[in-house]
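Taking it in order: structure first as structure tokens, then the write-up.
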Amino acid sequence: MRYAVLVIALVMSVAASAQSGGKADVFSAVQLSAKIAELSTQSANSGSGGTTLADYGSHKVQISVRASSGGGEIHAHFDDVMIVQQGSATLITGGSVIAAKTGPDGETKGSGIQGGKSQTIGPGDIVTVNAGIPHQILVAPGVIYSAVVVKIRE
């Protein structure tokens, strides 16, 4: 986890430095852990939670916490880079979104993924899902999954 936090801090500091006149934003491991703990408590009741730590226009830095599986989705304008912080999950990519509905923002959501490829992800893994790729995160009962997510605008 410490490695993942260092990687994300480096990525964020380089991008933020380019956009903020030499000032880098740093989200410490302590800050991330505290925010994840807070969101974990909230997501235990609702199934999921998240927050945006920073929005730089070209990209956002977010935390996502899940206590239950999400639906299938396709982002029209954002690549996702996820750095798993805790828990394991099954990531399904490819295939097609079941009962897909596309909103005015170009985001497509549905109940799941049909015909995709499954792989297990866990702490320290760095996952990239490009815009236009169907994806879904499945979380086993009793597991709390969290990731730092960098959403990069295409």
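Note on naming: chains are A, B, ... as they come in the structure tokens, residues start from 1 per chain, ligands start from 1 in the order shown.
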Check chain A with DSSP on the backbone and list each residue it calls strand (DSSP E), as a ChimeraX atom specification. /A:48-55,59-66,72-74,78-86,89-93,96-98,101-102,108-110,112-114,117-121,126-129,135-138,145-153
I want to know what sits within 8 Å of region 79-93 of chain A, based on only C-alpha atoms, with residues of the same chain fewer than 3 positions away left out; could you give that as a VMD selection string? chain A and resid 1 4 8 75 113 116 to 131 133 to 140 143 to 154
Can you list every residue of region 58-97 of chain A that has an atom at most 8 Å from region 23-40 of chain A, with its nearest atom pair and the distance in Å to one decimal, using only C-alpha atoms, ordered by chain then number, as a Markdown table?
```
| residue | atom | partner | partner_atom | distance |
| --- | --- | --- | --- | --- |
| A:Ile63 | CA | A:Ile36 | CA | 7.3 |
| A:Val65 | CA | A:Ser40 | CA | 6.2 |
| A:Arg66 | CA | A:Ser40 | CA | 7.5 |
| A:Ala67 | CA | A:Ser40 | CA | 7.6 |
```
If you count only C-alpha atoms, which residues fall within 10 Å of Ala99 (chain A), apart from same-chain ones fewer than 5 positions away, as a PyMOL selection string? chain A and resi 72+108-113
Go ahead and compute the interatomic distance for CA of Gly94 (chain A) and CA of Gly70 (chain A), in Å to one decimal. 15.4 Å
Atom pair CA of Ser43 (chain A) / CA of Ser64 (chain A): separation (Å): 9.7 Å
If you run DSSP over the backbone, which residues in chain A end up alpha helix (DSSP H)? Put them as a PyMOL selection string. chain A and resi 2-19+29-46
Spatial neighbours of Asp55 (chain A), max dist 10 Å, only C-alpha atoms, sep filter under 3 positions, as a PyMOL selection string: chain A and resi 16+52+58-62+150-151
Restricting the output to N, CA and C atoms, write the selected residues as a PDB file, in the first residue's frame.
```pdb
ATOM      1  N   ALA A  16      -0.150  18.154 -10.981  1.00  0.00           N
ATOM      2  CA  ALA A  16      -0.578  19.356 -10.266  1.00  0.00           C
ATOM      3  C   ALA A  16       0.454  20.469 -10.417  1.00  0.00           C
ATOM      4  N   THR A  52     -14.286  13.368  -4.080  1.00  0.00           N
ATOM      5  CA  THR A  52     -13.275  13.944  -4.960  1.00  0.00           C
ATOM      6  C   THR A  52     -12.313  14.746  -4.096  1.00  0.00           C
ATOM      7  N   SER A  58      -8.369  18.768 -16.227  1.00  0.00           N
ATOM      8  CA  SER A  58      -7.905  17.690 -17.100  1.00  0.00           C
ATOM      9  C   SER A  58      -7.999  16.319 -16.432  1.00  0.00           C
ATOM     10  N   HIS A  59      -8.029  16.322 -15.102  1.00  0.00           N
ATOM     11  CA  HIS A  59      -8.146  15.070 -14.352  1.00  0.00           C
ATOM     12  C   HIS A  59      -8.665  15.348 -12.946  1.00  0.00           C
ATOM     13  N   LYS A  60      -9.233  14.297 -12.351  1.00  0.00           N
ATOM     14  CA  LYS A  60      -9.729  14.360 -10.977  1.00  0.00           C
ATOM     15  C   LYS A  60      -9.037  13.278 -10.161  1.00  0.00           C
ATOM     16  N   VAL A  61      -8.856  13.542  -8.875  1.00  0.00           N
ATOM     17  CA  VAL A  61      -8.334  12.549  -7.947  1.00  0.00           C
ATOM     18  C   VAL A  61      -9.456  12.240  -6.964  1.00  0.00           C
ATOM     19  N   GLN A  62      -9.847  10.974  -6.915  1.00  0.00           N
ATOM     20  CA  GLN A  62     -10.974  10.570  -6.089  1.00  0.00           C
ATOM     21  C   GLN A  62     -10.609   9.369  -5.226  1.00  0.00           C
ATOM     22  N   VAL A 150      -7.834   8.038 -10.290  1.00  0.00           N
ATOM     23  CA  VAL A 150      -7.503   9.236 -11.051  1.00  0.00           C
ATOM     24  C   VAL A 150      -8.293   9.139 -12.348  1.00  0.00           C
ATOM     25  N   LYS A 151      -9.225  10.073 -12.537  1.00  0.00           N
ATOM     26  CA  LYS A 151     -10.066  10.112 -13.741  1.00  0.00           C
ATOM     27  C   LYS A 151      -9.446  11.138 -14.687  1.00  0.00           C
TER      28      LYS A 151
END
```
